[in-house]
Structure formats: C-alpha cells, structure tokens
$ cat my_file-v7.cif   # mmCIF, C-alpha atoms
data_entry
#
loop_
_atom_site.group_PDB
_atom_site.id
_atom_site.type_symbol
_atom_site.label_atom_id
_atom_site.label_comp_id
_atom_site.auth_asym_id
_atom_site.auth_seq_id
_atom_site.Cartn_x
_atom_site.Cartn_y
_atom_site.Cartn_z
ATOM 1 C CA MET A 1 20.538 15.904 13.818
ATOM 2 C CA ASP A 2 19.845 17.712 17.086
ATOM 3 C CA SER A 3 18.900 20.884 15.272
ATOM 4 C CA THR A 4 16.700 18.942 12.851
ATOM 5 C CA LEU A 5 14.914 17.340 15.773
ATOM 6 C CA ALA A 6 14.548 20.697 17.469
ATOM 7 C CA PHE A 7 12.912 22.026 14.316
ATOM 8 C CA ALA A 8 10.631 19.020 14.096
ATOM 9 C CA LYS A 9 9.643 19.671 17.684
ATOM 10 C CA SER A 10 9.169 23.407 17.373
ATOM 11 C CA GLY A 11 6.734 23.138 14.501
ATOM 12 C CA ALA A 12 4.773 20.324 16.025
ATOM 13 C CA PRO A 13 2.215 21.100 18.702
ATOM 14 C CA VAL A 14 -0.494 22.770 16.681
ATOM 15 C CA ALA A 15 -3.747 23.109 18.589
ATOM 16 C CA SER A 16 -5.421 20.294 16.633
ATOM 17 C CA GLY A 17 -2.595 17.951 17.576
ATOM 18 C CA VAL A 18 -1.642 17.695 13.889
ATOM 19 C CA ALA A 19 1.984 18.347 13.009
ATOM 20 C CA SER A 20 2.772 21.144 10.575
ATOM 21 C CA PRO A 21 4.121 20.229 7.111
ATOM 22 C CA ALA A 22 7.545 21.615 8.017
ATOM 23 C CA SER A 23 7.788 19.472 11.106
ATOM 24 C CA ARG A 24 6.758 16.411 9.123
ATOM 25 C CA VAL A 25 9.590 17.013 6.670
ATOM 26 C CA ALA A 26 12.038 17.567 9.509
ATOM 27 C CA PHE A 27 10.836 14.423 11.263
ATOM 28 C CA ALA A 28 11.256 12.399 8.043
ATOM 29 C CA ALA A 29 14.761 13.803 7.607
ATOM 30 C CA ALA A 30 15.664 12.909 11.189
ATOM 31 C CA LEU A 31 14.386 9.362 10.613
ATOM 32 C CA ILE A 32 16.409 9.013 7.392
ATOM 33 C CA ALA A 33 19.472 10.120 9.353
ATOM 34 C CA LEU A 34 18.666 7.571 12.069
ATOM 35 C CA ALA A 35 18.129 4.814 9.493
ATOM 36 C CA THR A 36 21.407 5.653 7.777
ATOM 37 C CA VAL A 37 23.409 5.590 11.000
ATOM 38 C CA LEU A 38 21.819 2.322 12.106
ATOM 39 C CA GLY A 39 22.403 0.801 8.660
ATOM 40 C CA LEU A 40 26.067 1.789 8.671
ATOM 41 C CA VAL A 41 26.495 0.419 12.200
ATOM 42 C CA GLU A 42 24.927 -2.818 11.014
ATOM 43 C CA ALA A 43 27.191 -2.974 7.956
ATOM 44 C CA ALA A 44 30.178 -2.744 10.311
ATOM 45 C CA LEU A 45 28.900 -5.471 12.663
ATOM 46 C CA PRO A 46 30.461 -8.916 12.274
ATOM 47 C CA PRO A 47 28.157 -11.277 10.343
ATOM 48 C CA LEU A 48 26.137 -13.870 12.253
ATOM 49 C CA ALA A 49 27.968 -17.189 12.430
ATOM 50 C CA VAL A 50 25.751 -19.669 10.569
ATOM 51 C CA VAL A 51 23.665 -17.270 8.501
ATOM 52 C CA PRO A 52 25.912 -14.369 7.453
ATOM 53 C CA TRP A 53 23.355 -13.059 4.965
ATOM 54 C CA LEU A 54 20.836 -12.424 7.750
ATOM 55 C CA LYS A 55 21.058 -9.114 9.576
ATOM 56 C CA PRO A 56 18.858 -7.841 12.392
ATOM 57 C CA GLY A 57 17.654 -4.953 10.213
ATOM 58 C CA LEU A 58 18.370 -2.146 12.662
ATOM 59 C CA ALA A 59 17.538 0.481 10.045
ATOM 60 C CA ASN A 60 13.998 -0.848 9.993
ATOM 61 C CA ILE A 61 13.543 0.743 13.442
ATOM 62 C CA ALA A 62 13.338 4.105 11.673
ATOM 63 C CA VAL A 63 10.999 2.760 8.976
ATOM 64 C CA VAL A 64 8.601 1.278 11.539
ATOM 65 C CA MET A 65 8.732 4.547 13.505
ATOM 66 C CA ALA A 66 7.885 6.475 10.329
ATOM 67 C CA LEU A 67 5.000 4.159 9.465
ATOM 68 C CA SER A 68 3.673 4.314 12.985
ATOM 69 C CA ALA A 69 4.029 8.071 13.489
ATOM 70 C CA SER A 70 3.727 9.571 9.992
ATOM 71 C CA GLY A 71 2.234 7.042 7.594
ATOM 72 C CA PRO A 72 3.313 5.088 4.524
ATOM 73 C CA PHE A 73 4.738 7.933 2.420
ATOM 74 C CA VAL A 74 7.260 9.036 5.011
ATOM 75 C CA ALA A 75 8.068 5.369 5.687
ATOM 76 C CA GLY A 76 8.720 4.839 1.977
ATOM 77 C CA ALA A 77 10.953 7.904 1.843
ATOM 78 C CA VAL A 78 12.913 6.736 4.881
ATOM 79 C CA SER A 79 13.266 3.208 3.510
ATOM 80 C CA GLY A 80 14.275 4.220 -0.024
ATOM 81 C CA GLY A 81 16.433 7.116 1.135
ATOM 82 C CA ARG A 82 18.549 5.085 3.475
ATOM 83 C CA ILE A 83 19.165 2.344 0.862
ATOM 84 C CA VAL A 84 20.513 4.961 -1.570
ATOM 85 C CA ILE A 85 22.658 6.661 1.077
ATOM 86 C CA ILE A 86 24.017 3.412 2.534
ATOM 87 C CA GLY A 87 24.582 2.070 -0.995
ATOM 88 C CA LEU A 88 26.628 5.162 -1.828
ATOM 89 C CA ALA A 89 28.540 4.958 1.437
ATOM 90 C CA THR A 90 29.424 1.276 1.140
ATOM 91 C CA GLY A 91 29.942 1.261 -2.630
ATOM 92 C CA THR A 92 27.271 -1.346 -3.344
ATOM 93 C CA LEU A 93 24.584 0.925 -4.824
ATOM 94 C CA ALA A 94 24.771 -0.189 -8.439
ATOM 95 C CA GLY A 95 25.408 -3.832 -7.594
ATOM 96 C CA PRO A 96 23.021 -6.741 -7.166
ATOM 97 C CA ALA A 97 23.188 -6.386 -3.380
ATOM 98 C CA SER A 98 21.224 -3.141 -3.660
ATOM 99 C CA GLY A 99 18.706 -4.903 -5.890
ATOM 100 C CA MET A 100 18.159 -7.365 -3.087
ATOM 101 C CA ALA A 101 17.934 -4.520 -0.585
ATOM 102 C CA PHE A 102 15.284 -2.725 -2.648
ATOM 103 C CA ALA A 103 13.273 -5.916 -3.179
ATOM 104 C CA GLY A 104 13.365 -6.697 0.529
ATOM 105 C CA ALA A 105 12.552 -3.165 1.614
ATOM 106 C CA ALA A 106 9.654 -2.810 -0.825
ATOM 107 C CA ALA A 107 8.100 -6.142 0.154
ATOM 108 C CA SER A 108 8.585 -5.408 3.831
ATOM 109 C CA LEU A 109 7.069 -1.935 3.625
ATOM 110 C CA PHE A 110 4.127 -3.151 1.555
ATOM 111 C CA VAL A 111 3.359 -5.948 4.038
ATOM 112 C CA MET A 112 3.771 -3.674 7.066
ATOM 113 C CA TRP A 113 1.568 -0.966 5.549
ATOM 114 C CA GLY A 114 -1.066 -3.495 4.461
ATOM 115 C CA LEU A 115 -1.199 -5.086 7.902
ATOM 116 C CA SER A 116 -1.332 -1.747 9.689
ATOM 117 C CA ARG A 117 -4.328 -0.766 7.573
ATOM 118 C CA ALA A 118 -6.154 -4.084 7.501
ATOM 119 C CA TRP A 119 -5.639 -5.411 11.014
ATOM 120 C CA GLY A 120 -6.104 -2.663 13.565
ATOM 121 C CA SER A 121 -5.358 -4.734 16.634
ATOM 122 C CA LEU A 122 -1.805 -5.394 15.486
ATOM 123 C CA SER A 123 0.951 -3.327 17.068
ATOM 124 C CA PRO A 124 4.209 -2.304 15.357
ATOM 125 C CA VAL A 125 5.665 -5.525 16.813
ATOM 126 C CA GLY A 126 3.430 -7.606 14.553
ATOM 127 C CA TRP A 127 3.972 -5.394 11.489
ATOM 128 C CA SER A 128 7.694 -5.546 11.947
ATOM 129 C CA ALA A 129 7.823 -9.336 12.447
ATOM 130 C CA ALA A 130 5.723 -9.953 9.317
ATOM 131 C CA GLY A 131 7.690 -7.275 7.467
ATOM 132 C CA SER A 132 11.002 -8.914 8.238
ATOM 133 C CA ALA A 133 9.633 -12.288 7.103
ATOM 134 C CA ALA A 134 8.530 -10.634 3.839
ATOM 135 C CA HIS A 135 11.948 -9.008 3.606
ATOM 136 C CA VAL A 136 13.897 -12.285 3.657
ATOM 137 C CA CYS A 137 11.436 -13.948 1.256
ATOM 138 C CA ALA A 138 11.762 -11.109 -1.259
ATOM 139 C CA GLN A 139 15.535 -10.972 -0.894
ATOM 140 C CA LEU A 140 15.955 -14.685 -1.494
ATOM 141 C CA LEU A 141 13.503 -14.512 -4.419
ATOM 142 C CA ALA A 142 15.523 -11.641 -5.886
ATOM 143 C CA ALA A 143 18.781 -13.530 -5.361
ATOM 144 C CA ALA A 144 17.334 -16.728 -6.853
ATOM 145 C CA THR A 145 16.166 -14.751 -9.888
ATOM 146 C CA MET A 146 19.422 -12.853 -10.357
ATOM 147 C CA LEU A 147 21.572 -15.954 -9.913
ATOM 148 C CA ASP A 148 19.101 -18.128 -11.844
ATOM 149 C CA SER A 149 19.336 -20.555 -8.956
ATOM 150 C CA PRO A 150 15.956 -21.684 -7.570
ATOM 151 C CA SER A 151 17.673 -23.847 -4.969
ATOM 152 C CA LEU A 152 18.261 -20.681 -2.949
ATOM 153 C CA LEU A 153 14.519 -20.689 -2.203
ATOM 154 C CA ALA A 154 15.158 -23.667 0.080
ATOM 155 C CA LEU A 155 16.683 -21.187 2.527
ATOM 156 C CA ILE A 156 13.363 -19.345 2.949
ATOM 157 C CA PRO A 157 11.744 -21.349 5.803
ATOM 158 C CA GLY A 158 14.793 -21.288 8.054
ATOM 159 C CA SER A 159 15.461 -17.632 7.336
ATOM 160 C CA VAL A 160 11.845 -16.711 8.094
ATOM 161 C CA LEU A 161 12.041 -18.470 11.469
ATOM 162 C CA ILE A 162 15.119 -16.421 12.382
ATOM 163 C CA ALA A 163 13.662 -13.212 10.930
ATOM 164 C CA LEU A 164 10.434 -13.355 12.973
ATOM 165 C CA PRO A 165 11.953 -12.797 16.447
ATOM 166 C CA LEU A 166 14.455 -10.256 15.075
ATOM 167 C CA GLY A 167 11.582 -8.371 13.419
ATOM 168 C CA ALA A 168 9.516 -8.468 16.605
ATOM 169 C CA LEU A 169 12.478 -7.079 18.557
ATOM 170 C CA ILE A 170 12.964 -4.257 16.024
ATOM 171 C CA GLY A 171 9.237 -3.521 16.155
ATOM 172 C CA SER A 172 9.149 -3.293 19.915
ATOM 173 C CA LEU A 173 12.174 -0.960 19.921
ATOM 174 C CA ALA A 174 10.425 1.240 17.338
ATOM 175 C CA ARG A 175 7.198 1.252 19.328
ATOM 176 C CA TYR A 176 9.071 2.259 22.455
ATOM 177 C CA LEU A 177 10.864 5.091 20.642
ATOM 178 C CA VAL A 178 7.624 6.405 19.135
ATOM 179 C CA SER A 179 6.013 6.345 22.581
ATOM 180 C CA ARG A 180 8.864 8.528 23.842
ATOM 181 C CA LEU A 181 8.569 11.166 21.103
ATOM 182 C CA PRO A 182 8.047 14.500 22.861
ATOM 183 C CA TRP A 183 5.428 15.584 20.335
ATOM 184 C CA ARG A 184 2.633 14.065 18.339
ATOM 185 C CA GLN A 185 2.900 13.378 14.648
ATOM 186 C CA ALA A 186 -0.160 12.915 12.506
ATOM 187 C CA MET B 1 2.967 -6.999 21.956
ATOM 188 C CA THR B 2 -0.740 -7.636 21.480
ATOM 189 C CA ARG B 3 -2.566 -10.920 21.145
ATOM 190 C CA ALA B 4 -2.987 -10.206 17.431
ATOM 191 C CA ASP B 5 0.798 -9.832 17.078
ATOM 192 C CA LEU B 6 1.331 -13.222 18.685
ATOM 193 C CA THR B 7 -1.302 -14.814 16.445
ATOM 194 C CA LEU B 8 0.286 -13.375 13.313
ATOM 195 C CA ILE B 9 3.803 -14.427 14.327
ATOM 196 C CA ALA B 10 2.582 -17.929 15.186
ATOM 197 C CA VAL B 11 0.783 -18.278 11.831
ATOM 198 C CA ILE B 12 3.889 -17.235 9.868
ATOM 199 C CA ALA B 13 6.103 -19.527 11.953
ATOM 200 C CA VAL B 14 3.772 -22.486 11.318
ATOM 201 C CA CYS B 15 3.806 -21.746 7.565
ATOM 202 C CA ALA B 16 7.607 -21.714 7.616
ATOM 203 C CA LEU B 17 7.735 -24.999 9.544
ATOM 204 C CA VAL B 18 5.285 -26.629 7.114
ATOM 205 C CA ALA B 19 7.307 -25.397 4.128
ATOM 206 C CA TRP B 20 10.587 -26.612 5.606
ATOM 207 C CA PRO B 21 10.405 -30.283 4.485
ATOM 208 C CA MET B 22 9.305 -29.236 0.998
ATOM 209 C CA ALA B 23 12.218 -26.848 0.713
ATOM 210 C CA ALA B 24 14.685 -29.446 1.961
ATOM 211 C CA GLY B 25 13.316 -31.971 -0.530
ATOM 212 C CA ALA B 26 13.954 -29.589 -3.405
ATOM 213 C CA SER B 27 17.699 -30.079 -3.252
ATOM 214 C CA SER B 28 18.966 -32.451 -5.897
ATOM 215 C CA GLY B 29 22.081 -33.542 -7.709
ATOM 216 C CA GLY B 30 24.494 -36.427 -7.409
ATOM 217 C CA SER B 31 25.305 -37.513 -3.896
ATOM 218 C CA GLY B 32 28.639 -36.316 -2.588
ATOM 219 C CA SER B 33 29.125 -33.842 -5.389
ATOM 220 C CA VAL B 34 29.867 -30.155 -5.277
ATOM 221 C CA VAL B 35 27.997 -28.109 -7.858
ATOM 222 C CA VAL B 36 29.260 -24.608 -8.563
ATOM 223 C CA VAL B 37 26.988 -22.500 -10.744
ATOM 224 C CA GLY B 38 28.546 -19.330 -12.091
ATOM 225 C CA PRO B 39 27.919 -16.881 -14.917
ATOM 226 C CA GLU B 40 30.043 -19.039 -17.218
ATOM 227 C CA GLY B 41 28.218 -22.266 -16.562
ATOM 228 C CA GLU B 42 28.219 -25.112 -14.125
ATOM 229 C CA THR B 43 31.231 -26.880 -12.617
ATOM 230 C CA THR B 44 30.905 -30.166 -10.762
ATOM 231 C CA ALA B 45 33.523 -31.624 -8.429
ATOM 232 C CA ARG B 46 33.681 -34.498 -5.994
ATOM 233 C CA LEU B 47 33.220 -33.737 -2.329
ATOM 234 C CA ASP B 48 35.740 -36.379 -1.219
ATOM 235 C CA GLU B 49 38.618 -35.118 -3.349
ATOM 236 C CA ASN B 50 40.491 -32.103 -2.068
ATOM 237 C CA ALA B 51 40.603 -29.382 -4.690
ATOM 238 C CA THR B 52 40.804 -25.653 -5.174
ATOM 239 C CA LEU B 53 38.521 -24.192 -7.828
ATOM 240 C CA GLN B 54 38.905 -20.730 -9.311
ATOM 241 C CA ILE B 55 35.445 -19.711 -10.527
ATOM 242 C CA ALA B 56 35.059 -16.708 -12.800
ATOM 243 C CA GLY B 57 32.301 -14.474 -11.458
ATOM 244 C CA THR B 58 30.736 -11.311 -12.811
ATOM 245 C CA ALA B 59 32.909 -9.115 -10.588
ATOM 246 C CA GLY B 60 36.094 -11.170 -10.408
ATOM 247 C CA THR B 61 37.206 -14.545 -9.150
ATOM 248 C CA VAL B 62 35.706 -16.730 -6.443
ATOM 249 C CA THR B 63 38.068 -19.256 -4.840
ATOM 250 C CA VAL B 64 36.295 -22.423 -3.718
ATOM 251 C CA VAL B 65 38.256 -24.900 -1.607
ATOM 252 C CA ILE B 66 37.136 -28.508 -1.117
ATOM 253 C CA ASP B 67 38.931 -29.988 1.859
ATOM 254 C CA SER B 68 38.173 -33.281 3.651
ATOM 255 C CA GLY B 69 34.489 -33.376 2.804
ATOM 256 C CA THR B 70 33.775 -29.699 3.432
ATOM 257 C CA VAL B 71 33.489 -26.818 1.008
ATOM 258 C CA ARG B 72 34.188 -23.187 1.679
ATOM 259 C CA VAL B 73 34.822 -19.979 -0.220
ATOM 260 C CA THR B 74 38.207 -18.721 0.873
ATOM 261 C CA ASP B 75 38.370 -15.594 -1.229
ATOM 262 C CA SER B 76 36.090 -13.534 -3.427
ATOM 263 C CA THR B 77 36.197 -10.181 -5.146
ATOM 264 C CA CYS B 78 32.963 -8.842 -3.678
ATOM 265 C CA PRO B 79 32.352 -5.943 -1.310
ATOM 266 C CA ASP B 80 30.506 -7.637 1.540
ATOM 267 C CA ARG B 81 32.129 -11.097 1.401
ATOM 268 C CA VAL B 82 29.053 -12.828 2.785
ATOM 269 C CA CYS B 83 30.199 -15.941 0.900
ATOM 270 C CA VAL B 84 33.517 -16.039 2.765
ATOM 271 C CA HIS B 85 31.817 -15.456 6.117
ATOM 272 C CA THR B 86 29.417 -18.331 5.458
ATOM 273 C CA GLY B 87 32.293 -20.658 6.318
ATOM 274 C CA ALA B 88 32.467 -24.355 5.506
ATOM 275 C CA ILE B 89 29.432 -26.395 4.428
ATOM 276 C CA SER B 90 29.218 -30.168 4.283
ATOM 277 C CA ALA B 91 25.552 -31.263 4.490
ATOM 278 C CA PRO B 92 23.673 -32.232 1.294
ATOM 279 C CA GLY B 93 21.566 -29.329 0.058
ATOM 280 C CA SER B 94 23.510 -26.667 1.927
ATOM 281 C CA MET B 95 24.919 -23.834 -0.123
ATOM 282 C CA ILE B 96 27.068 -20.744 -0.273
ATOM 283 C CA ALA B 97 25.973 -17.848 -2.459
ATOM 284 C CA CYS B 98 28.021 -14.919 -3.673
ATOM 285 C CA VAL B 99 25.419 -12.570 -5.115
ATOM 286 C CA PRO B 100 27.751 -9.825 -6.438
ATOM 287 C CA ASN B 101 29.714 -12.466 -8.367
ATOM 288 C CA GLY B 102 26.657 -14.456 -9.426
ATOM 289 C CA VAL B 103 28.118 -17.693 -8.049
ATOM 290 C CA VAL B 104 26.298 -20.375 -6.054
ATOM 291 C CA VAL B 105 28.129 -23.306 -4.470
ATOM 292 C CA ARG B 106 25.843 -26.185 -3.517
ATOM 293 C CA ILE B 107 26.424 -29.650 -2.162
ATOM 294 C CA GLY B 108 24.395 -32.078 -4.208
ATOM 295 C CA GLY B 109 22.783 -35.121 -2.768
ATOM 296 C CA GLU B 110 19.516 -36.902 -2.417
ATOM 297 C CA GLU B 111 16.979 -35.519 -0.016
ATOM 298 C CA SER B 112 18.559 -35.621 3.422
ATOM 299 C CA ASP B 113 16.370 -37.362 5.979
ATOM 300 C CA GLY B 114 18.671 -36.532 8.854
ATOM 301 C CA LEU B 115 19.916 -40.115 9.148
ATOM 302 C CA ASP B 116 23.579 -40.962 8.797
ATOM 303 C CA ALA B 117 22.956 -44.363 7.224
ATOM 304 C CA ARG B 118 20.177 -46.799 6.598
ATOM 305 C CA VAL B 119 20.465 -50.581 6.974
ATOM 306 C CA ARG B 120 18.175 -52.730 4.862
#
$ encode --input "my_file-v7.cif" --output "structure tokens"
Amino acid sequence: MDSTLAFAKSGAPVASGVASPASRVAFAAALIALATVLGLVEAALPPLAVVPWLKPGLANIAVVMALSASGPFVAGAVSGGRIVIIGLATGTLAGPASGMAFAGAAASLFVMWGLSRAWGSLSPVGWSAAGSAAHVCAQLLAAATMLDSPSLLALIPGSVLIALPLGALIGSLARYLVSRLPWRQA
Amino acid sequence: MTRADLTLIAVIAVCALVAWPMAAGASSGGSGSVVVVGPEGETTARLDENATLQIAGTAGTVTVVIDSGTVRVTDSTCPDRVCVHTGAISAPGSMIACVPNGVVVRIGGEESDGLDARVR
C-alpha cells in the first residue's frame, strides 16, 4: 500500500491543483485497501453486547474519505469493492448477509452523496451520521424482506439512535484523515 | 462538526424517538409465548416451559433454548453467529434474528408499556 500511496502522491500536484487520472486511480485503490483492512478488523472484533448486529462501520471511513476527496464514483467503487473483497475473505459473499451489506452500503452512499450535494454547509460528520442511519434502516428493511418478518422493523428506531453517534465519529475520523492528505484530490 | 451537522443529527434523532413507540406497539402475539419463524413455517412455544427447539433453517439447524423465562440461540450453522451473540431475550417484542438461516425468534406479547403489572 505504501507504493500505491507513493504513486498517488507522485502524480498529484499538477499546477491546476487537479489530480492526474493515474493518481485518482491509485488513490481509489489505496482507499479500497484501507476499507478492506478496516472491514476485516471489524469482522474480527467481538460483537457489541446488546446489539451484536450493529457494527461501528470502520470501513466507511474510507468511503467518506473517497466521497470527500474524489467524489461519488470513487466512493461507490470503494464501497462496492470492499464488500466483494470482504465477502470473499469471510465466505459470506453469496449469502444473505452480503445482500444486507449491499443494501446498507447503497442506501448510505446515496444519502451521503445527496446530502453532500444538496446541503453545502454539512461536513463529512453530518453525511456520515445520516449515512449510517440510512445504512441500518436499509439493512433492517432488507432483512425484514428476506426473512418475511416485518417485526424486525421495530428495531429501526433504537438502531438509528446508536448509529448516529457512531456515524458521526466515523465521519470526523474521515474528515481528519482527508485534512492530513499530503496532496489535493479533485 | 458544523451547526448544520448538529441540526441534521438532531432531526434524525427526533424522528427515531417519535417512531419508537409506534415500533414498539407493532409487536404482537400471545403473551408469554415464543414465536419462531423459519423457512419451514412457524413454531410457537410457551415462555414458561423449559424446552430446546431444533429449527431447520436454510443453511442448517438453529438450536433455540427456552430456560426459566428467557430465550436464547445456543447454536447455529451460520458464519457470523450474530444470533448466538445476541444472548438471552425475555422482554415482550424482543427478538433474535439469524439472517443466513432465515430464522427469527420473537417473544410475543401485548404492547409493553414498561410496567410490571397493573392493578385495577
């Protein structure tokens, strides 16, 4: 990953301040690697006591960074890419758990992108908090649909209340990391 | 964090708090019963009778143990075992879900108002 980052850096500082296409690809690849590592670390963490289906969403740090620094397409690539890689690594890719992951990730990304476009005074902290709320809603909707069990929707309010601070934390970590990038992405 | 972030988070939190009573009221079923919904249909058991249920799921078997008024999943053939980690549930409306196996364990009961008993 060091060499990938070095490449991302070397191609970056064009006079206009716009990153070269090669550096954008390298940056996206580095973020997918980051998301994958964070996702695998999270998969190995012990589940939370009362709500074992809720995770802090560490991999979303990389997605928020991508959205903030490179825009929605790179963010989508990072989000989709890491689900496939983590699914392959943990053996859950073809199962319903990945369906929930895709539903959550898509809803989260859509909400974060929409908010970042429509509400300029929001920071990544706000996108990420709303995105994580959307994530749990979509996941529980997907689970309720797959299990044909609407009573699962009763878990939404409580899960959203837990997801909001976790999402805000992830967003502030992502914002900090983007602010420390040694080059500018466009 | 900007002021807009705080506003957005507060709005979502208020929505969740408003939706909470509605969601809690949605739980139904006979009081003191354990309802297990799996791919092969629904199984109902009594909460106050100790029992071990073997539920056939889509990926294998889910073992549900009812023990002194609490229900827990002790074993399941799923990769992440979220259902096992959920631990024991006992409150009406609470549930354990095993998504890979397509099994949901729910404690039935009238809408819980948070009171232990009501004297008329």
$ resolve_selection --input "my_file-v7.cif" --expression "the PyMOL selection byres ((chain A) within 8 of (chain B))" --output "PyMOL selection string"
chain A and resi 47+49-53+91-92+95-97+121-123+125-127+129-130+143+146-147+149+151-158+160-161+164+172
$ closest_residue --input "my_file-v7.cif" --among "A:Pro150, A:Pro182, A:Gly167, A:Gly39" --to "Arg82 of chain A" --atoms "all atoms listed in the file"
A:Gly39
$ resolve_selection --input "my_file-v7.cif" --expression "the PyMOL selection byres ((chain A and resi 40-43) around 9)" --output "JSON list (two decimals) with C-alpha atoms, keeping the file's coordinate frame"
[["chain", "number", "residue", "atom", "x", "y", "z"],
["A", 35, "ALA", "CA", 18.13, 4.81, 9.49],
["A", 36, "THR", "CA", 21.41, 5.65, 7.78],
["A", 37, "VAL", "CA", 23.41, 5.59, 11.00],
["A", 38, "LEU", "CA", 21.82, 2.32, 12.11],
["A", 39, "GLY", "CA", 22.40, 0.80, 8.66],
["A", 44, "ALA", "CA", 30.18, -2.74, 10.31],
["A", 45, "LEU", "CA", 28.90, -5.47, 12.66],
["A", 46, "PRO", "CA", 30.46, -8.92, 12.27],
["A", 47, "PRO", "CA", 28.16, -11.28, 10.34],
["A", 55, "LYS", "CA", 21.06, -9.11, 9.58],
["A", 56, "PRO", "CA", 18.86, -7.84, 12.39],
["A", 57, "GLY", "CA", 17.65, -4.95, 10.21],
["A", 58, "LEU", "CA", 18.37, -2.15, 12.66],
["A", 59, "ALA", "CA", 17.54, 0.48, 10.04],
["A", 86, "ILE", "CA", 24.02, 3.41, 2.53],
["A", 89, "ALA", "CA", 28.54, 4.96, 1.44],
["A", 90, "THR", "CA", 29.42, 1.28, 1.14],
["B", 80, "ASP", "CA", 30.51, -7.64, 1.54]]
$ axis_aligned_box --input "my_file-v7.cif" --around "segment 66-69 of chain B" --padding-each-side "5 Å" --output "JSON"
{"center_x": 36.7, "center_y": -30.9, "center_z": 1.3, "size_x": 14.4, "size_y": 14.9, "size_z": 14.8}
$ atom_distance --input "my_file-v7.cif" --atom1 "atom CA of Phe27 of chain A" --atom2 "atom CA of Ala134 of chain A"
26.2 Å
$ atom_distance --input "my_file-v7.cif" --atom1 "atom CA of Gly108 of chain B" --atom2 "atom CA of Thr44 of chain B"
9.4 Å
$ resolve_selection --input "my_file-v7.cif" --expression "the PyMOL selection byres ((chain A and resi 135) around 9)" --output "PyMOL selection string"
chain A and resi 101+103-109+130-134+136-140+160+163
$ residues_around --input "my_file-v7.cif" --residues "Ser128 of chain A" --least-positions-apart "4" --cutoff "8 Å" --atoms "all atoms listed in the file" --output "list of chain:residue names"
A:Val64, A:Met112, A:Pro124, A:Ser132, A:Gly167, A:Ala168, A:Ile170, A:Gly171
$ atom_distance --input "my_file-v7.cif" --atom1 "atom CA of Ala69 of chain A" --atom2 "atom CA of Val178 of chain A"
6.9 Å
$ residues_around --input "my_file-v7.cif" --residues "Leu93 of chain A" --least-positions-apart "6" --cutoff "9 Å" --atoms "all atoms listed in the file" --output "list in words"
Ile83, Val84, Ile85, Ile86, Gly87 and Gly99 of chain A
$ closest_residue --input "my_file-v7.cif" --among "B:Thr70, B:Thr58, B:Thr43, B:Thr77" --to "Pro92 of chain B" --atoms "all atoms listed in the file"
B:Thr70
$ closest_residue --input "my_file-v7.cif" --among "A:Ala144, A:Leu67, A:Ala26, A:Leu34" --to "Leu115 of chain A" --atoms "only C-alpha atoms"
A:Leu67
